[in-house]
file final_22.txt (compact mmCIF, C-alpha atoms)
# COMPACT_ATOMS: atom_id res chain seq x y z
CA MET A 178 -39.01 -58.75 114.50
CA ALA A 179 -35.35 -57.82 114.45
CA PRO A 180 -34.78 -54.06 114.74
CA MET A 181 -32.62 -52.28 112.20
CA ALA A 182 -29.37 -51.56 113.98
CA GLU A 183 -26.69 -49.24 112.63
CA LEU A 184 -22.92 -49.51 112.64
CA GLU A 185 -20.40 -46.92 111.53
CA VAL A 186 -17.61 -48.40 109.41
CA GLN A 187 -14.73 -47.11 107.30
CA ARG A 188 -13.19 -48.22 104.05
CA ARG A 189 -10.12 -50.31 104.73
CA GLN A 190 -6.79 -49.80 102.99
CA VAL A 191 -4.80 -52.16 105.22
CA LEU A 192 -4.87 -55.72 103.88
CA GLY A 193 -3.25 -59.08 104.56
CA LYS A 194 -0.96 -59.61 107.54
CA ALA A 195 -0.77 -55.86 108.12
CA THR A 196 -4.27 -56.05 109.67
CA ARG A 197 -2.57 -57.13 112.91
CA ARG A 198 -1.74 -53.47 113.42
CA LEU A 199 -5.43 -52.58 113.20
CA ARG A 200 -6.36 -55.14 115.84
CA ARG A 201 -3.75 -53.73 118.23
CA GLN A 202 -5.52 -50.37 117.81
CA GLY A 203 -8.92 -51.84 118.73
CA ILE A 204 -10.13 -52.03 115.13
CA ILE A 205 -11.64 -55.12 113.49
CA PRO A 206 -10.95 -55.77 109.79
CA ALA A 207 -14.07 -56.85 107.91
CA ASN A 208 -15.56 -57.43 104.46
CA ILE A 209 -18.97 -56.87 102.87
CA PHE A 210 -19.87 -59.33 100.10
CA GLY A 211 -22.83 -60.81 98.25
CA HIS A 212 -25.50 -59.91 95.69
CA LYS A 213 -23.02 -60.40 92.85
CA GLU A 214 -21.29 -57.14 93.79
CA PRO A 215 -17.56 -56.74 94.45
CA SER A 216 -16.37 -57.45 97.97
CA LEU A 217 -15.70 -54.27 99.94
CA ALA A 218 -12.92 -54.15 102.55
CA ILE A 219 -14.00 -52.22 105.64
CA GLN A 220 -12.99 -51.78 109.27
CA LEU A 221 -14.93 -50.95 112.42
CA GLU A 222 -14.27 -50.26 116.09
CA ALA A 223 -14.15 -53.41 118.17
CA ALA A 224 -15.98 -51.74 121.07
CA ALA A 225 -18.85 -50.65 118.81
CA PHE A 226 -19.22 -54.14 117.37
CA GLU A 227 -19.22 -55.73 120.83
CA ARG A 228 -22.04 -53.34 121.88
CA PHE A 229 -23.97 -54.36 118.77
CA ARG A 230 -23.52 -58.05 119.61
CA ARG A 231 -24.76 -57.53 123.18
CA GLN A 232 -27.85 -55.59 122.10
CA HIS A 233 -28.90 -57.62 119.07
CA LYS A 234 -29.24 -61.26 118.10
CA ALA A 235 -26.98 -62.98 115.62
CA ALA A 236 -29.58 -62.79 112.84
CA SER A 237 -30.27 -59.06 113.20
CA LEU A 238 -30.17 -56.81 110.17
CA VAL A 239 -27.66 -53.98 110.36
CA THR A 240 -27.17 -50.81 108.33
CA LEU A 241 -23.48 -50.18 107.67
CA ARG A 242 -22.71 -46.48 107.16
CA ILE A 243 -19.48 -44.83 106.03
CA PRO A 244 -19.16 -41.26 107.39
CA GLY A 245 -18.78 -38.69 104.62
CA ASP A 246 -19.81 -41.29 102.05
CA SER A 247 -23.23 -41.74 100.50
CA LEU A 248 -22.79 -45.52 100.62
CA THR A 249 -24.95 -47.52 103.02
CA GLU A 250 -25.25 -51.29 103.05
CA THR A 251 -28.00 -53.41 104.59
CA ALA A 252 -26.40 -56.63 105.75
CA LEU A 253 -26.40 -59.62 108.06
CA VAL A 254 -23.44 -60.80 110.09
CA HIS A 255 -22.36 -63.81 108.03
CA SER A 256 -19.39 -65.07 110.05
CA ILE A 257 -17.10 -64.04 112.89
CA GLN A 258 -13.54 -65.33 113.11
CA ARG A 259 -12.11 -65.49 116.63
CA HIS A 260 -8.68 -66.24 118.05
CA PRO A 261 -8.69 -69.92 119.12
CA CYS A 262 -7.10 -69.18 122.51
CA THR A 263 -8.25 -65.71 123.55
CA GLY A 264 -11.64 -65.63 121.80
CA LYS A 265 -10.83 -62.13 120.55
CA ILE A 266 -12.57 -61.20 117.27
CA LEU A 267 -10.12 -61.27 114.37
CA HIS A 268 -12.37 -60.68 111.36
CA VAL A 269 -16.04 -60.22 110.45
CA ASP A 270 -17.86 -60.95 107.19
CA PHE A 271 -21.11 -59.10 106.41
CA TYR A 272 -23.50 -60.40 103.75
CA ARG A 273 -25.47 -57.85 101.70
CA VAL A 274 -29.24 -58.33 101.62
CA SER A 275 -32.27 -56.60 100.18
CA GLN A 276 -34.83 -55.90 102.88
CA GLU A 277 -37.56 -57.59 100.84
CA GLU A 278 -35.67 -60.74 99.79
CA GLU A 279 -35.97 -64.09 101.51
CA VAL A 280 -32.90 -65.03 103.51
CA GLU A 281 -31.83 -68.19 105.33
CA VAL A 282 -30.74 -67.60 108.93
CA LYS A 283 -30.31 -69.41 112.23
CA VAL A 284 -32.53 -67.95 114.94
CA PRO A 285 -31.82 -68.70 118.63
CA LEU A 286 -34.43 -70.58 120.66
CA HIS A 287 -36.03 -69.31 123.87
CA LEU A 288 -37.70 -71.88 126.15
CA VAL A 289 -41.00 -70.82 127.72
CA GLY A 290 -43.66 -72.51 129.85
CA ASP A 291 -43.42 -75.31 132.40
CA SER A 292 -43.08 -79.01 131.65
CA PRO A 293 -45.28 -81.26 133.84
CA ALA A 294 -42.67 -84.00 133.46
CA VAL A 295 -40.18 -81.69 135.17
CA LYS A 296 -42.46 -80.17 137.81
CA GLU A 297 -44.36 -83.32 138.80
CA SER A 298 -42.02 -86.20 137.90
CA GLY A 299 -38.72 -84.55 138.78
CA GLY A 300 -37.33 -84.91 135.27
CA THR A 301 -34.52 -82.79 133.89
CA LEU A 302 -35.06 -80.58 130.85
CA LEU A 303 -32.31 -81.22 128.30
CA ARG A 304 -31.81 -78.68 125.54
CA LEU A 305 -30.61 -80.44 122.37
CA LEU A 306 -30.68 -77.54 119.90
CA ASP A 307 -29.84 -73.86 120.41
CA ALA A 308 -31.21 -72.44 117.15
CA LEU A 309 -33.46 -73.26 114.21
CA GLU A 310 -32.53 -72.61 110.61
CA VAL A 311 -35.40 -70.79 108.92
CA ALA A 312 -36.21 -68.79 105.79
CA CYS A 313 -38.09 -65.49 105.79
CA ARG A 314 -37.93 -61.96 104.44
CA ALA A 315 -35.00 -59.99 105.77
CA THR A 316 -37.33 -57.51 107.46
CA GLU A 317 -39.20 -60.31 109.26
CA ILE A 318 -36.31 -62.12 110.95
CA PRO A 319 -37.40 -62.89 114.53
CA GLU A 320 -35.11 -62.00 117.41
CA THR A 321 -35.82 -65.42 118.94
CA ILE A 322 -38.20 -68.34 118.43
CA GLU A 323 -40.16 -69.37 121.51
CA VAL A 324 -40.33 -73.07 122.36
CA ASP A 325 -43.24 -73.96 124.65
CA VAL A 326 -42.19 -76.93 126.78
CA SER A 327 -45.59 -77.41 128.47
CA PRO A 328 -46.53 -80.31 126.10
CA LEU A 329 -43.71 -82.38 127.65
CA VAL A 330 -45.81 -84.35 130.14
CA GLU A 331 -43.79 -87.58 130.35
CA VAL A 332 -40.17 -88.44 131.13
CA ASP A 333 -38.20 -89.29 127.96
CA GLN A 334 -40.63 -87.28 125.83
CA ILE A 335 -39.00 -85.26 123.03
CA LEU A 336 -40.10 -82.07 121.30
CA HIS A 337 -39.02 -81.96 117.64
CA ALA A 338 -38.33 -79.02 115.34
CA GLY A 339 -41.47 -79.62 113.31
CA GLU A 340 -43.63 -79.26 116.44
CA ILE A 341 -42.44 -75.75 117.25
CA LYS A 342 -44.84 -72.94 116.36
CA LEU A 343 -43.07 -70.45 114.11
CA PRO A 344 -43.88 -66.74 113.70
CA PRO A 345 -45.96 -65.77 110.64
CA ASN A 346 -44.15 -65.86 107.27
CA VAL A 347 -41.25 -67.88 108.73
CA ARG A 348 -40.47 -71.22 107.06
CA LEU A 349 -38.61 -74.06 108.78
CA LEU A 350 -35.42 -75.33 107.09
CA THR A 351 -34.13 -77.50 109.95
CA ASP A 352 -35.13 -81.16 109.62
CA PRO A 353 -38.60 -81.32 111.26
CA HIS A 354 -37.59 -84.58 112.96
CA GLU A 355 -34.57 -82.95 114.64
CA PRO A 356 -34.87 -83.24 118.47
CA VAL A 357 -34.95 -79.85 120.19
CA VAL A 358 -35.84 -80.48 123.84
CA LYS A 359 -36.08 -83.69 125.88
CA VAL A 360 -37.06 -84.56 129.45
CA GLU A 361 -34.57 -86.95 131.02
CA LEU A 362 -34.98 -89.30 133.97
CA PRO A 363 -34.31 -87.78 137.37
CA THR A 364 -30.58 -88.03 138.09
CA ILE A 365 -30.90 -90.41 141.08
CA GLU A 366 -33.23 -92.80 139.24
CA ALA A 367 -30.94 -92.81 136.21
CA GLU A 368 -27.94 -93.66 138.40
CA GLU A 369 -29.84 -96.47 140.16
CA ALA A 370 -30.93 -97.89 136.80
CA GLY A 371 -27.30 -97.85 135.68
CA GLU A 372 -26.17 -99.71 138.80
CA ALA A 373 -28.82 -102.38 138.33
CA ALA A 374 -27.92 -103.02 134.71
CA PRO A 375 -25.86 -106.22 134.15
CA VAL A 376 -22.27 -105.74 133.09
CA ALA A 377 -21.63 -107.13 129.62
CA GLN A 378 -18.68 -109.51 129.33
CA PRO A 379 -16.21 -108.69 126.54
CA ALA A 380 -16.24 -111.12 123.65
CA PRO A 381 -12.97 -112.99 122.90
CA THR A 382 -10.91 -111.22 120.30
CA ALA A 383 -8.66 -112.65 117.62
CA ALA A 384 -4.94 -112.00 117.67
CA PRO A 385 -4.03 -108.82 115.80
CA ALA A 386 -3.05 -109.34 112.19
CA GLN A 387 0.62 -108.90 111.39
CA SER A 388 1.29 -105.53 109.72
CA GLN A 389 2.27 -105.66 106.09
CA THR A 390 4.85 -102.87 106.10
CA GLY A 391 7.19 -101.20 108.54
CA GLU A 392 5.54 -97.88 107.89
CA SER A 393 2.10 -99.14 108.89
CA ALA A 394 3.50 -100.74 112.00
CA ALA A 395 5.13 -97.48 113.01
CA LYS A 396 1.87 -95.63 112.58
CA GLU A 397 -0.02 -98.16 114.63
CA GLY A 398 2.57 -98.08 117.37

call {"tool": "encode", "arguments": {"input": "final_22.txt", "output": "structure tokens"}}
result
Amino acid sequence: MAPMAELEVQRRQVLGKATRRLRRQGIIPANIFGHKEPSLAIQLEAAAFERFRRQHKAASLVTLRIPGDSLTETALVHSIQRHPCTGKILHVDFYRVSQEEEVEVKVPLHLVGDSPAVKESGGTLLRLLDALEVACRATEIPETIEVDVSPLVEVDQILHAGEIKLPPNVRLLTDPHEPVVKVELPTIEAEEAGEAAPVAQPAPTAAPAQSQTGESAAKEG
């Protein structure tokens, strides 16, 4: 299960557009919210948060501590806002949780085993889903969910979410019919099948209807 990590944070006085100054100093503005308690503005070192992200999965519980303050918060990383061009973290939201309550999280998938359709038939394993949405107690969030691909014995066979064995006390929320992993045709065979397929002739089309207004015509043009 997910280990309890710890992050040191500070109360944040800088709000709004002034948070740009914090980011230039290597500090990430953040908030803690949830459990019908007031939102708390905090900040944390970008380097410390990056280490946390490398060492723990997205669904890991974390203890947020404020030095010199008796306040500690048990939370999950709810969302991370990144710069659209640089990918640099701009803001983080943490969601308060009780360690004994049931939470809904997305847990990353880890493929294990060997598929006979890949080893013996030369198929290609296609991953269709990266994580499953599940519900469990906060203290029982798995780091990953293993997906055994050994039942995939035929090309074009699909493994669905409902067929994946979950850890104890973990309940599936993802649609059980959602495809997770599929074995595709070998690349060469797929290309040959595509070349052999007849080319469909386009059906005759009617002349385009005359636009009713100048504005619509401008938009279409």

call {"tool": "residues_near_point", "arguments": {"input": "final_22.txt", "point": "(-32.1, -60.6, 120.8)", "cutoff": "7 Å", "atoms": "only C-alpha atoms", "output": "PyMOL selection string"}}
result
chain A and resi 232-234+320-321

call {"tool": "residues_around", "arguments": {"input": "final_22.txt", "residues": "Arg314 of chain A", "least_positions_apart": "3", "cutoff": "6 Å", "atoms": "only C-alpha atoms", "output": "VMD selection string"}}
result
chain A and resid 277 to 280 317

call {"tool": "closest_residue", "arguments": {"input": "final_22.txt", "among": "A:Leu267, A:Ser292, A:Pro319, A:Asp352", "to": "Arg198 of chain A", "atoms": "all atoms listed in the file"}}
result
A:Leu267

call {"tool": "residues_around", "arguments": {"input": "final_22.txt", "residues": "Leu306 of chain A", "least_positions_apart": "4", "cutoff": "10 Å", "atoms": "all atoms listed in the file", "output": "short mmCIF file (atom, residue, chain, number, x, y, z; two decimals) with C-alpha atoms, in the coordinates of the input"}}
result
data_model
loop_
_atom_site.label_atom_id
_atom_site.label_comp_id
_atom_site.auth_asym_id
_atom_site.auth_seq_id
_atom_site.Cartn_x
_atom_site.Cartn_y
_atom_site.Cartn_z
CA PRO A 285 -31.82 -68.70 118.63
CA LEU A 286 -34.43 -70.58 120.66
CA HIS A 337 -39.02 -81.96 117.64
CA ALA A 338 -38.33 -79.02 115.34
CA GLU A 355 -34.57 -82.95 114.64
CA PRO A 356 -34.87 -83.24 118.47
CA VAL A 357 -34.95 -79.85 120.19
CA VAL A 358 -35.84 -80.48 123.84
#

call {"tool": "atom_distance", "arguments": {"input": "final_22.txt", "atom1": "atom CA of Ile335 of chain A", "atom2": "atom CA of Val347 of chain A"}}
result
22.6 Å

call {"tool": "closest_residue", "arguments": {"input": "final_22.txt", "among": "A:Val330, A:Ile322, A:Gly211, A:Val191", "to": "Lys342 of chain A", "atoms": "only C-alpha atoms"}}
result
A:Ile322
